[in-house]
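Novice: Below is the file target-v6.tsv, with TSV, C-alpha atoms and all ligand atoms.
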chain	number	residue	atom	x	y	z
A	1	MET	CA	10.67	-78.53	56.75
A	2	ASN	CA	8.90	-80.91	59.14
A	3	LEU	CA	11.16	-83.83	60.05
A	4	LYS	CA	8.43	-85.64	61.98
A	5	GLU	CA	6.15	-85.60	58.95
A	6	ILE	CA	8.89	-86.70	56.52
A	7	CYS	CA	10.02	-89.61	58.70
A	8	LYS	CA	6.73	-90.76	60.20
A	9	ASP	CA	6.21	-93.78	57.91
A	10	ALA	CA	9.87	-94.74	57.60
A	11	GLU	CA	11.27	-97.86	59.25
A	12	ARG	CA	14.92	-97.34	58.34
A	13	ILE	CA	16.50	-93.91	58.27
A	14	GLY	CA	20.06	-93.23	57.07
A	15	ILE	CA	22.16	-90.09	57.60
A	16	SER	CA	25.47	-89.09	55.98
A	17	GLY	CA	27.63	-86.01	55.62
A	18	HIS	CA	30.53	-85.03	53.40
A	19	ILE	CA	33.84	-86.83	52.91
A	20	ARG	CA	36.68	-85.91	55.28
A	21	PRO	CA	34.06	-85.06	57.94
A	22	ASP	CA	34.59	-81.91	60.02
A	23	GLY	CA	32.92	-80.77	63.26
A	24	ASP	CA	29.79	-79.44	61.56
A	25	CYS	CA	29.42	-82.63	59.54
A	26	VAL	CA	29.83	-85.00	62.51
A	27	GLY	CA	27.81	-82.73	64.83
A	28	SER	CA	24.87	-82.35	62.46
A	29	CYS	CA	24.72	-86.07	61.59
A	30	LEU	CA	24.86	-87.18	65.23
A	31	GLY	CA	22.64	-84.34	66.46
A	32	LEU	CA	19.98	-85.24	63.92
A	33	SER	CA	20.24	-88.95	64.65
A	34	LEU	CA	19.93	-88.38	68.43
A	35	TYR	CA	16.84	-86.26	67.80
A	36	LEU	CA	15.22	-88.78	65.44
A	37	LYS	CA	15.94	-91.67	67.82
A	38	LYS	CA	14.33	-89.72	70.64
A	39	LEU	CA	11.34	-88.87	68.47
A	40	PHE	CA	10.96	-92.41	67.09
A	41	PRO	CA	12.54	-94.91	69.53
A	42	LYS	CA	11.34	-97.89	67.44
A	43	LYS	CA	12.84	-96.82	64.13
A	44	GLU	CA	16.31	-97.76	62.94
A	45	VAL	CA	18.41	-94.61	62.56
A	46	LYS	CA	21.96	-95.09	61.34
A	47	VAL	CA	24.78	-92.63	60.55
A	48	PHE	CA	27.40	-93.49	57.89
A	49	LEU	CA	30.52	-91.35	57.57
A	50	GLU	CA	34.12	-91.61	56.55
A	51	GLU	CA	36.30	-92.11	59.62
A	52	ALA	CA	36.16	-88.91	61.71
A	53	ALA	CA	38.76	-87.50	64.11
A	54	ASP	CA	38.38	-89.09	67.55
A	55	ILE	CA	38.14	-85.68	69.25
A	56	PHE	CA	34.46	-86.02	68.36
A	57	SER	CA	34.05	-89.12	70.51
A	58	CYS	CA	32.60	-86.79	73.19
A	59	ILE	CA	29.41	-86.75	71.10
A	60	LYS	CA	26.90	-89.47	71.96
A	61	GLY	CA	26.56	-92.03	69.18
A	62	PHE	CA	30.07	-91.49	67.82
A	63	ASP	CA	30.99	-95.13	68.43
A	64	GLU	CA	27.94	-96.35	66.51
A	65	ILE	CA	28.78	-94.49	63.30
A	66	GLY	CA	29.06	-96.89	60.36
A	67	ILE	CA	32.47	-96.16	58.87
A	68	LEU	CA	32.25	-96.00	55.10
A	69	GLY	CA	34.73	-98.36	53.56
A	70	GLN	CA	34.79	-100.62	56.61
A	71	GLU	CA	31.15	-101.42	57.13
A	72	THR	CA	28.85	-102.46	54.30
A	73	PRO	CA	25.36	-101.16	54.96
A	74	ALA	CA	22.41	-103.55	54.68
A	75	GLU	CA	21.28	-104.37	51.15
A	76	ALA	CA	17.72	-103.06	51.39
A	77	PRO	CA	17.31	-99.37	50.53
A	78	PHE	CA	16.63	-96.87	53.30
A	79	ASP	CA	13.15	-95.37	53.55
A	80	VAL	CA	14.54	-91.89	54.23
A	81	TYR	CA	18.14	-90.77	53.66
A	82	PHE	CA	19.65	-87.47	54.77
A	83	ALA	CA	22.60	-85.71	53.12
A	84	LEU	CA	23.97	-83.16	55.59
A	85	ASP	CA	26.51	-80.33	55.23
A	86	GLY	CA	26.96	-80.86	51.51
A	87	ASN	CA	25.52	-81.97	48.22
A	88	LYS	CA	25.08	-85.68	47.42
A	89	GLY	CA	28.20	-85.47	45.24
A	90	ARG	CA	30.29	-85.02	48.40
A	91	LEU	CA	28.88	-88.04	50.26
A	92	GLY	CA	31.60	-90.36	48.98
A	93	ALA	CA	30.57	-94.02	49.26
A	94	ALA	CA	27.23	-92.99	50.84
A	95	GLU	CA	26.05	-91.34	47.63
A	96	LYS	CA	24.64	-94.67	46.47
A	97	LEU	CA	22.69	-95.13	49.74
A	98	PHE	CA	21.21	-91.67	49.24
A	99	GLU	CA	20.32	-92.32	45.60
A	100	ASP	CA	18.69	-95.68	46.38
A	101	ALA	CA	16.53	-94.34	49.23
A	102	LYS	CA	12.79	-93.91	48.79
A	103	ILE	CA	12.77	-90.36	50.18
A	104	THR	CA	15.83	-88.09	50.20
A	105	VAL	CA	16.45	-85.00	52.32
A	106	ASN	CA	19.24	-82.43	51.98
A	107	ILE	CA	20.09	-80.01	54.81
A	108	ASP	CA	23.00	-77.70	54.03
A	109	HIS	CA	24.42	-74.19	54.19
A	110	HIS	CA	26.87	-74.22	51.25
A	111	VAL	CA	26.17	-71.49	48.72
A	112	SER	CA	27.68	-73.77	46.04
A	113	ASN	CA	24.97	-76.38	46.65
A	114	GLY	CA	22.23	-74.47	44.81
A	115	PRO	CA	18.65	-75.47	45.62
A	116	GLY	CA	19.62	-78.83	47.16
A	117	CYS	CA	19.69	-82.40	45.90
A	118	GLY	CA	16.87	-84.06	47.86
A	119	ASP	CA	13.13	-84.61	47.52
A	120	HIS	CA	13.01	-82.26	50.50
A	121	ASN	CA	15.60	-79.49	50.82
A	122	TYR	CA	16.52	-77.13	53.61
A	123	VAL	CA	19.44	-75.15	52.19
A	124	ASP	CA	20.27	-71.75	53.61
A	125	PRO	CA	23.60	-70.18	52.60
A	126	ASP	CA	23.13	-67.53	55.28
A	127	ALA	CA	23.22	-70.08	58.08
A	128	SER	CA	26.51	-70.37	59.96
A	129	SER	CA	26.48	-74.14	59.86
A	130	THR	CA	24.36	-77.19	59.14
A	131	CYS	CA	24.10	-77.64	62.91
A	132	GLU	CA	22.35	-74.27	63.14
A	133	LEU	CA	19.80	-75.52	60.57
A	134	VAL	CA	19.28	-78.81	62.41
A	135	TYR	CA	18.82	-76.79	65.61
A	136	GLU	CA	16.03	-74.84	63.88
A	137	LEU	CA	14.27	-78.11	63.00
A	138	VAL	CA	14.37	-79.55	66.53
A	139	GLU	CA	11.48	-78.56	68.79
A	140	GLU	CA	12.62	-76.79	71.96
A	141	ASP	CA	11.15	-79.42	74.28
A	142	MET	CA	13.12	-82.16	72.49
A	143	LEU	CA	16.51	-80.52	73.12
A	144	ASP	CA	18.72	-82.23	75.68
A	145	ALA	CA	22.39	-82.12	76.63
A	146	ASP	CA	23.35	-84.90	74.18
A	147	ILE	CA	21.73	-83.22	71.17
A	148	ALA	CA	23.07	-79.85	72.35
A	149	THR	CA	26.65	-81.18	72.59
A	150	ALA	CA	26.52	-82.37	68.97
A	151	LEU	CA	24.98	-79.18	67.59
A	152	TYR	CA	27.07	-76.79	69.68
A	153	ILE	CA	30.31	-78.39	68.48
A	154	GLY	CA	29.27	-78.01	64.85
A	155	ILE	CA	28.26	-74.37	65.25
A	156	ALA	CA	31.43	-73.55	67.19
A	157	HIS	CA	33.65	-75.22	64.58
A	158	ASP	CA	32.08	-73.67	61.48
A	159	THR	CA	32.11	-70.19	63.02
A	160	GLY	CA	35.71	-70.51	64.27
A	161	VAL	CA	34.26	-70.24	67.78
A	162	PHE	CA	31.84	-67.44	66.85
A	163	ARG	CA	34.49	-65.26	65.14
A	164	TYR	CA	33.72	-65.61	61.43
A	165	SER	CA	31.32	-63.33	59.59
A	166	CYS	CA	28.86	-66.22	59.15
A	167	THR	CA	28.02	-65.74	62.86
A	168	ALA	CA	24.63	-64.03	63.02
A	169	PRO	CA	22.44	-62.96	65.95
A	170	LYS	CA	20.38	-66.13	65.44
A	171	THR	CA	23.58	-68.21	65.61
A	172	LEU	CA	24.33	-66.83	69.06
A	173	GLN	CA	20.70	-67.24	70.11
A	174	ALA	CA	20.91	-70.90	69.09
A	175	ALA	CA	24.19	-71.29	71.00
A	176	ALA	CA	22.60	-69.66	74.06
A	177	LYS	CA	19.72	-72.15	74.02
A	178	LEU	CA	22.15	-75.03	73.54
A	179	ILE	CA	24.35	-74.08	76.50
A	180	SER	CA	21.26	-73.65	78.67
A	181	THR	CA	20.98	-77.46	78.64
A	182	GLY	CA	24.00	-77.46	80.96
A	183	ILE	CA	26.70	-78.70	78.58
A	184	ASP	CA	30.32	-78.08	79.52
A	185	PHE	CA	30.90	-75.82	76.50
A	186	PRO	CA	34.33	-74.42	77.47
A	187	ARG	CA	35.66	-77.98	77.63
A	188	LEU	CA	34.01	-78.95	74.34
A	189	ILE	CA	35.62	-75.98	72.57
A	190	GLU	CA	38.99	-76.52	74.19
A	191	GLU	CA	39.14	-80.24	73.49
A	192	THR	CA	37.67	-80.32	70.00
A	193	PHE	CA	38.82	-77.00	68.52
A	194	TYR	CA	41.94	-75.57	70.13
A	195	GLU	CA	43.76	-78.56	71.54
A	196	LYS	CA	46.20	-80.19	69.10
A	197	THR	CA	48.31	-83.30	69.36
A	198	TYR	CA	52.07	-82.92	69.30
A	199	VAL	CA	52.32	-84.01	65.65
A	200	GLN	CA	49.44	-81.74	64.64
A	201	ASN	CA	51.38	-78.81	66.09
A	202	GLN	CA	54.52	-79.94	64.34
A	203	ILE	CA	52.84	-80.18	60.94
A	204	MET	CA	51.17	-76.80	61.55
A	205	GLY	CA	54.65	-75.42	62.33
A	206	ARG	CA	56.00	-76.82	59.07
A	207	ALA	CA	53.15	-75.28	57.11
A	208	LEU	CA	53.75	-71.87	58.73
A	209	LEU	CA	57.49	-72.12	58.17
A	210	GLU	CA	57.04	-72.94	54.47
A	211	SER	CA	54.38	-70.26	53.90
A	212	MET	CA	55.01	-67.57	51.31
A	213	LEU	CA	53.49	-64.17	50.67
A	214	ILE	CA	52.47	-63.49	47.10
A	215	MET	CA	50.58	-60.69	45.30
A	216	ASP	CA	52.34	-57.95	47.26
A	217	GLY	CA	51.51	-59.65	50.52
A	218	ARG	CA	47.78	-59.83	49.88
A	219	CYS	CA	47.76	-63.61	49.64
A	220	VAL	CA	49.58	-66.20	51.73
A	221	VAL	CA	50.15	-69.73	50.44
A	222	SER	CA	51.58	-72.92	51.88
A	223	TYR	CA	51.59	-76.65	51.27
A	224	ILE	CA	52.60	-79.96	52.77
A	225	ASP	CA	53.55	-82.86	50.51
A	226	LYS	CA	52.83	-86.54	51.06
A	227	LYS	CA	56.42	-87.30	52.04
A	228	THR	CA	56.28	-84.77	54.88
A	229	MET	CA	52.88	-86.06	56.01
A	230	ASP	CA	54.27	-89.60	56.11
A	231	PHE	CA	57.34	-88.43	58.04
A	232	TYR	CA	55.15	-86.92	60.78
A	233	GLN	CA	52.64	-89.78	60.42
A	234	VAL	CA	49.73	-87.41	59.95
A	235	THR	CA	46.60	-87.86	57.83
A	236	SER	CA	43.95	-85.47	56.52
A	237	LYS	CA	42.26	-85.57	59.95
A	238	ASP	CA	45.32	-83.79	61.40
A	239	MET	CA	45.26	-80.87	58.96
A	240	GLU	CA	42.15	-79.11	60.33
A	241	GLY	CA	42.86	-75.56	61.47
A	242	ILE	CA	46.10	-75.02	59.54
A	243	VAL	CA	44.58	-72.79	56.87
A	244	SER	CA	42.87	-70.59	59.48
A	245	GLN	CA	46.18	-70.16	61.29
A	246	ILE	CA	47.94	-69.16	58.06
A	247	LYS	CA	45.10	-66.76	57.30
A	248	LEU	CA	45.93	-64.80	60.47
A	249	THR	CA	48.98	-63.36	58.66
A	250	LYS	CA	48.60	-59.57	58.92
A	251	GLY	CA	47.87	-57.74	55.67
A	252	THR	CA	46.60	-60.75	53.74
A	253	ASP	CA	43.13	-60.98	52.31
A	254	CYS	CA	43.38	-64.52	51.08
A	255	ALA	CA	45.05	-67.75	52.25
A	256	VAL	CA	45.65	-70.98	50.36
A	257	PHE	CA	46.74	-74.16	52.06
A	258	MET	CA	47.06	-77.49	50.32
A	259	TYR	CA	48.20	-80.97	51.21
A	260	GLU	CA	48.92	-83.89	48.96
A	261	ILE	CA	46.32	-86.64	49.23
A	262	ARG	CA	47.78	-88.76	46.39
A	263	THR	CA	50.82	-88.23	44.20
A	264	LEU	CA	50.36	-84.83	42.56
A	265	GLU	CA	46.80	-84.52	43.83
A	266	TYR	CA	46.13	-81.81	46.41
A	267	LYS	CA	43.29	-81.07	48.78
A	268	VAL	CA	43.10	-77.28	48.59
A	269	SER	CA	41.63	-75.02	51.29
A	270	LEU	CA	40.91	-71.36	50.62
A	271	ARG	CA	40.06	-68.63	53.11
A	272	SER	CA	39.49	-64.91	52.68
A	273	SER	CA	38.59	-61.90	54.80
A	274	GLU	CA	36.37	-59.80	52.63
A	275	LYS	CA	37.61	-59.10	49.12
A	276	VAL	CA	37.89	-62.49	47.47
A	277	ASP	CA	34.88	-64.77	47.02
A	278	VAL	CA	36.74	-68.05	47.39
A	279	ALA	CA	33.64	-70.17	46.67
A	280	LYS	CA	33.77	-68.77	43.11
A	281	VAL	CA	37.44	-69.70	42.82
A	282	ALA	CA	36.91	-73.22	44.19
A	283	GLN	CA	33.93	-73.79	41.90
A	284	MET	CA	36.12	-73.19	38.85
A	285	PHE	CA	38.03	-76.30	39.86
A	286	GLY	CA	35.04	-78.49	40.69
A	287	GLY	CA	34.92	-77.61	44.39
A	288	GLY	CA	32.77	-75.22	46.36
A	289	GLY	CA	31.98	-73.87	49.80
A	290	HIS	CA	31.28	-70.39	51.10
A	291	ALA	CA	32.44	-66.90	50.11
A	292	ARG	CA	34.97	-66.82	52.99
A	293	ALA	CA	35.88	-70.53	53.20
A	294	ALA	CA	35.97	-72.98	50.34
A	295	GLY	CA	37.83	-76.01	49.06
A	296	CYS	CA	38.55	-78.19	46.06
A	297	THR	CA	40.85	-80.96	44.85
A	298	MET	CA	43.46	-80.13	42.21
A	299	ASN	CA	46.10	-82.00	40.25
A	300	GLY	CA	49.69	-81.04	39.46
A	301	THR	CA	52.69	-79.79	41.37
A	302	PHE	CA	52.34	-77.19	44.13
A	303	HIS	CA	53.44	-74.54	41.65
A	304	ASP	CA	50.93	-75.65	38.99
A	305	VAL	CA	48.12	-75.51	41.53
A	306	ILE	CA	49.15	-72.09	42.85
A	307	ASN	CA	49.51	-70.68	39.33
A	308	ASN	CA	46.07	-71.94	38.37
A	309	LEU	CA	44.46	-70.53	41.51
A	310	THR	CA	46.20	-67.18	41.63
A	311	VAL	CA	44.93	-66.11	38.21
A	312	HIS	CA	41.42	-66.13	39.63
A	313	ILE	CA	42.31	-64.68	43.02
A	314	GLU	CA	44.27	-61.86	41.38
A	315	GLU	CA	41.40	-61.16	39.01
A	316	GLN	CA	39.10	-60.57	41.97
A	317	LEU	CA	41.65	-58.50	43.92
A	318	GLU	CA	42.37	-56.37	40.85
A	319	GLY	CA	38.69	-56.02	40.00
A	320	GLU	CA	38.16	-54.70	43.51
A	321	SER	CA	40.95	-52.08	43.26
A	322	ALA	CA	40.03	-50.98	39.70
A	401	LIG	P1	37.90	-76.91	53.95
A	401	LIG	O1	38.91	-75.99	53.33
A	401	LIG	O2	37.99	-78.31	53.49
A	401	LIG	O3	37.84	-76.74	55.43
A	401	LIG	O4	36.51	-76.41	53.38
A	401	LIG	C1	36.02	-75.11	53.55
A	401	LIG	C2	34.54	-75.09	53.24
A	401	LIG	O5	34.35	-75.43	51.86
A	401	LIG	C3	33.75	-76.12	54.03
A	401	LIG	O6	32.48	-75.59	54.30
A	401	LIG	C4	33.66	-77.28	53.10
A	401	LIG	O7	32.54	-78.07	53.36
A	401	LIG	C5	33.61	-76.61	51.74
A	401	LIG	N1	34.23	-77.45	50.71
A	401	LIG	C6	35.48	-77.97	50.73
A	401	LIG	N2	35.72	-78.69	49.62
A	401	LIG	C7	34.58	-78.65	48.89
A	401	LIG	C8	34.17	-79.23	47.64
A	401	LIG	N3	34.99	-79.99	46.92
A	401	LIG	N4	32.91	-78.97	47.21
A	401	LIG	C9	32.07	-78.20	47.93
A	401	LIG	N5	32.40	-77.62	49.10
A	401	LIG	C10	33.63	-77.83	49.58
A	402	MN	MN	31.65	-79.28	56.75
A	403	MN	MN	29.30	-76.77	57.50
Let me see the structure of the file written as structure tokens.
Specialist:
Amino acid sequence: MNLKEICKDAERIGISGHIRPDGDCVGSCLGLSLYLKKLFPKKEVKVFLEEAADIFSCIKGFDEIGILGQETPAEAPFDVYFALDGNKGRLGAAEKLFEDAKITVNIDHHVSNGPGCGDHNYVDPDASSTCELVYELVEEDMLDADIATALYIGIAHDTGVFRYSCTAPKTLQAAAKLISTGIDFPRLIEETFYEKTYVQNQIMGRALLESMLIMDGRCVVSYIDKKTMDFYQVTSKDMEGIVSQIKLTKGTDCAVFMYEIRTLEYKVSLRSSEKVDVAKVAQMFGGGGHARAAGCTMNGTFHDVINNLTVHIEEQLEGESA
């Protein structure tokens, strides 16, 4: 994919990522927009996202993001529109901007995405992150510390700081090139990945305290309801990292964490080590993701949701031991 070629005749370029934006989503959108602005200083390049956690304010351009729901984008359609880190169905209110654009581009690494939803697609399920794919599209001489900060954060977040199995030699080679721009990477990791606010730690504590082992200890599950979230005054932006912490429970192959986004509607996160393909499980409920990390939204009580999920998790665990 040649971004210069695709964008050369465009006057207005729009970029969006998935709802409830995470580090890879924010990093790839801002990294791409910084690159395109550098490449084409005269063009209008605008990022639209749902409100992201302010830990990402260390990335240049964060303050200029158009917040979906608060800012109504200009009426005229964009010449080129990018959907990053997901399919157009996960763009939320930006889906219409994508659909109305003259040329659409999809850059993603979700196996559940299929071939991609754009006129031009760069979808590689083997990539650690969308930021790794954007890195591949940026010429070496165009890299600078601002672009590197954005892309490094996304790669570090989606690989759990280079721990998950999606980390490949080329991921580390990309990270090496990015840190050679002189970015303060230990601080970026500390402040955007590990550091938690007091209430984030409290809600994480509650989730750990309420967690339960099921399936002879091979699966760990936990949930936080809306009432508890309101009590601690936390929102979905504060729930990042909880499922990975629960997943660290020794002996488990699979972890499920869910929090209530509306009455009896849960945002479900699934993680596994090696035996369960959680993307397959999430896809049965209209979600998706990767084999080791996936998500979906489900309705019902905590017990309904767990019962519906465990049938499919158990099927895979039993299939493996048969
Ligand atoms: P999460 O549990 O929200 O951190 O998501 C884990 C992975 O699955 C991330 O790569 C998400 O982008 C992806 N994911 C989460 N929910 C969905 C969904 N509804 N459809 C497709 N992918 C999803
Ligand atoms: Mn993401
Ligand atoms: Mn991603």
Novice: Restrict the calculation to all atoms listed in the file, then for each residue of chain A with any atom at most 6 Å from an atom of ligand MN 402 (chain A) give the closest atom pair and their distance in Å to one decimal, rows by chain and rising residue number, as JSON lines.
Specialist:
{"residue": "A:Asp22", "atom": "CA", "partner": "A:MN402", "partner_atom": "MN", "distance": 5.1}
{"residue": "A:Asp24", "atom": "CA", "partner": "A:MN402", "partner_atom": "MN", "distance": 5.2}
{"residue": "A:Cys25", "atom": "CA", "partner": "A:MN402", "partner_atom": "MN", "distance": 4.9}
{"residue": "A:Asp85", "atom": "CA", "partner": "A:MN402", "partner_atom": "MN", "distance": 5.5}
Novice: Please produce a file of the residues just selected, as an mmCIF file, in the frame of the given file, where the atoms kept are C-alpha atoms.
Specialist:
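Wrote part_31.cif, looks like this:
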data_model
loop_
_atom_site.group_PDB
_atom_site.id
_atom_site.type_symbol
_atom_site.label_atom_id
_atom_site.label_comp_id
_atom_site.auth_asym_id
_atom_site.auth_seq_id
_atom_site.Cartn_x
_atom_site.Cartn_y
_atom_site.Cartn_z
ATOM 1 C CA ASP A 22 34.590 -81.910 60.020
ATOM 2 C CA ASP A 24 29.790 -79.440 61.560
ATOM 3 C CA CYS A 25 29.420 -82.630 59.540
ATOM 4 C CA ASP A 85 26.510 -80.330 55.230
#
Novice: So how many Å separate CA of Pro186 in chain A and atom N2 of ligand LIG 401 (chain A), to one decimal?
Specialist: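 A separation of 28.2 Å between them.
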Novice: Would you mind reading off the distance between CA of Ser273 in chain A and CA of Phe302 in chain A, one decimal, in Å?
Specialist: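 Taking CA of Ser273 in chain A as the start and CA of Phe302 in chain A as the end point, the length is 23.2 Å.
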Novice: Would you list the contacts of Ser272 in chain A as a compact mmCIF listing (two decimals) with C-alpha atoms, keeping the file's coordinate frame, taking every protein, DNA or RNA residue within 7 Å and counting only C-alpha atoms, but skipping same-chain residues closer than 3 positions in sequence?
Specialist:
# COMPACT_ATOMS: atom_id res chain seq x y z
CA ASP A 253 43.13 -60.98 52.31
CA CYS A 254 43.38 -64.52 51.08
CA ALA A 255 45.05 -67.75 52.25
CA VAL A 276 37.89 -62.49 47.47
CA VAL A 278 36.74 -68.05 47.39
CA ARG A 292 34.97 -66.82 52.99
CA ALA A 293 35.88 -70.53 53.20
Novice: Considering all atoms listed in the file, can you say which of A:His110, A:Arg20, A:Arg206, A:His303 comes closest to Gln283 in chain A?
Specialist: A:His110
Novice: With 7 Å as the threshold, what does the neighbourhood of (42.1, -80.7, 44.2) contain in terms of residues, counting all atoms listed in the file? Coordinates are those of the file; answer as a PyMOL selection string.
Specialist: chain A and resi 265-268+296-299
Novice: Taking only C-alpha atoms and all ligand atoms into account, report as number ranges by chain which residues have an atom no farther than 9 Å from an atom of ligand MN 403 (chain A).
Specialist: A: 22-25, 28, 84-86, 108-110, 128-131, 154-155, 157-158, 289
Novice: Taking all atoms listed in the file into account, produce a table as a tab-separated table in which each residue of chain A with an atom at most 6 Å from an atom of ligand LIG 401 (chain A) appears once, together with its shortest atom pair and the distance in Å to one decimal, ordered by chain and rising number.
Specialist:
residue	atom	partner	partner_atom	distance
A:Ser269	CA	A:LIG401	O1	3.5
A:Leu270	CA	A:LIG401	O1	5.7
A:Gly287	CA	A:LIG401	N3	3.5
A:Gly288	CA	A:LIG401	C9	3.4
A:Gly289	CA	A:LIG401	O5	3.5
A:His290	CA	A:LIG401	O5	6.0
A:Ala293	CA	A:LIG401	C1	4.6
A:Ala294	CA	A:LIG401	O5	3.3
A:Gly295	CA	A:LIG401	N2	3.5
A:Cys296	CA	A:LIG401	N3	4.1
Novice: Save out the residues we just selected, C-alpha atoms, as a short mmCIF file (atom, residue, chain, number, x, y, z; two decimals), in the frame of the given file.
Specialist:
data_model
loop_
_atom_site.label_atom_id
_atom_site.label_comp_id
_atom_site.auth_asym_id
_atom_site.auth_seq_id
_atom_site.Cartn_x
_atom_site.Cartn_y
_atom_site.Cartn_z
CA SER A 269 41.63 -75.02 51.29
CA LEU A 270 40.91 -71.36 50.62
CA GLY A 287 34.92 -77.61 44.39
CA GLY A 288 32.77 -75.22 46.36
CA GLY A 289 31.98 -73.87 49.80
CA HIS A 290 31.28 -70.39 51.10
CA ALA A 293 35.88 -70.53 53.20
CA ALA A 294 35.97 -72.98 50.34
CA GLY A 295 37.83 -76.01 49.06
CA CYS A 296 38.55 -78.19 46.06
#
Novice: Neighbours of range 258-262 of chain A within 8 Å (all atoms listed in the file; same-chain residues fewer than 6 positions away dropped), as a ChimeraX atom specification?
Specialist: /A:222-226,236,268-269
Novice: Report as a list in words all protein, DNA and RNA residues lying within 10 Å of Asp9 in chain A, evaluated on only C-alpha atoms, omitting residues in the same chain fewer than 5 positions from it.
Specialist: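 My list of contacting residues is Lys4, Lys43, Asp79 and Val80 of chain A.
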Novice: Please write the residues from the selection above to a file, keeping C-alpha atoms, as a short mmCIF file (atom, residue, chain, number, x, y, z; two decimals), in the coordinates of the input.
Specialist:
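Here's the written file selection.cif:
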data_model
loop_
_atom_site.label_atom_id
_atom_site.label_comp_id
_atom_site.auth_asym_id
_atom_site.auth_seq_id
_atom_site.Cartn_x
_atom_site.Cartn_y
_atom_site.Cartn_z
CA LYS A 4 8.43 -85.64 61.98
CA LYS A 43 12.84 -96.82 64.13
CA ASP A 79 13.15 -95.37 53.55
CA VAL A 80 14.54 -91.89 54.23
#
Novice: Here is a test: counting only C-alpha atoms, which residue of A:Gly182, A:Pro73, A:Gly114, A:Gly241 is nearest to Met204 in chain A?
Specialist: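 Selected residue with least distance to Met204 in chain A: A:Gly241.
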Novice: Nearest to Phe98 in chain A among A:Ser16, A:Thr301, A:Thr263, A:Ser165, with distances taken over all atoms listed in the file: which residue is it?
Specialist: A:Ser16
Novice: Record the distance separating CA of Glu139 in chain A and CA of Lys42 in chain A, expressed in Å with one decimal.
Specialist: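 A separation of 19.4 Å between them.
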Novice: Write out as a count of residues only each polymer residue whose atoms come within 10 Å of Asp184 in chain A, counting only C-alpha atoms; drop sequence neighbours fewer than 4 positions from it.
Specialist: 5
Novice: Which is closer to Ile107 in chain A than all the others in A:Phe285, A:Tyr164, A:Phe82, A:Phe185, using all atoms listed in the file?
Specialist: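 Checking each of A:Phe285, A:Tyr164, A:Phe82, A:Phe185 against Ile107 in chain A, counting all atoms listed in the file, the winner is A:Phe82.
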Novice: Would you list the contacts of Lys96 in chain A as a ChimeraX atom specification, taking every protein, DNA or RNA residue within 12 Å and counting only C-alpha atoms, but skipping same-chain residues closer than 3 positions in sequence?
Specialist: /A:14,16,48,68,72-73,75-78,81,83,88-93,99-101,104
Novice: Compute the distance from (59.2, -88.0, 62.2) to each atom, counting all atoms listed in the file, keep the residues with any atom at most 12 Å away, and return them as a list of chain:residue names; use the coordinates of the file.
Specialist: A:Tyr198, A:Val199, A:Gln200, A:Gln202, A:Ile203, A:Lys227, A:Thr228, A:Met229, A:Asp230, A:Phe231, A:Tyr232, A:Gln233, A:Val234
Novice: Name the closest residue to Thr159 in chain A among the candidates A:Ser211, A:Ser244, A:Ser112, A:Asn2; distances are taken between atoms, counting all atoms listed in the file.
Specialist: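 Of the candidates, the smallest distance to Thr159 in chain A is held by A:Ser244.
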Novice: Can you work out which one of A:Glu240, A:Glu136, A:Pro21, A:Glu11 has the shortest atom-to-atom distance to Asn201 in chain A, counting only C-alpha atoms?
Specialist: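 So, comparing all the options, the nearest one is A:Glu240.
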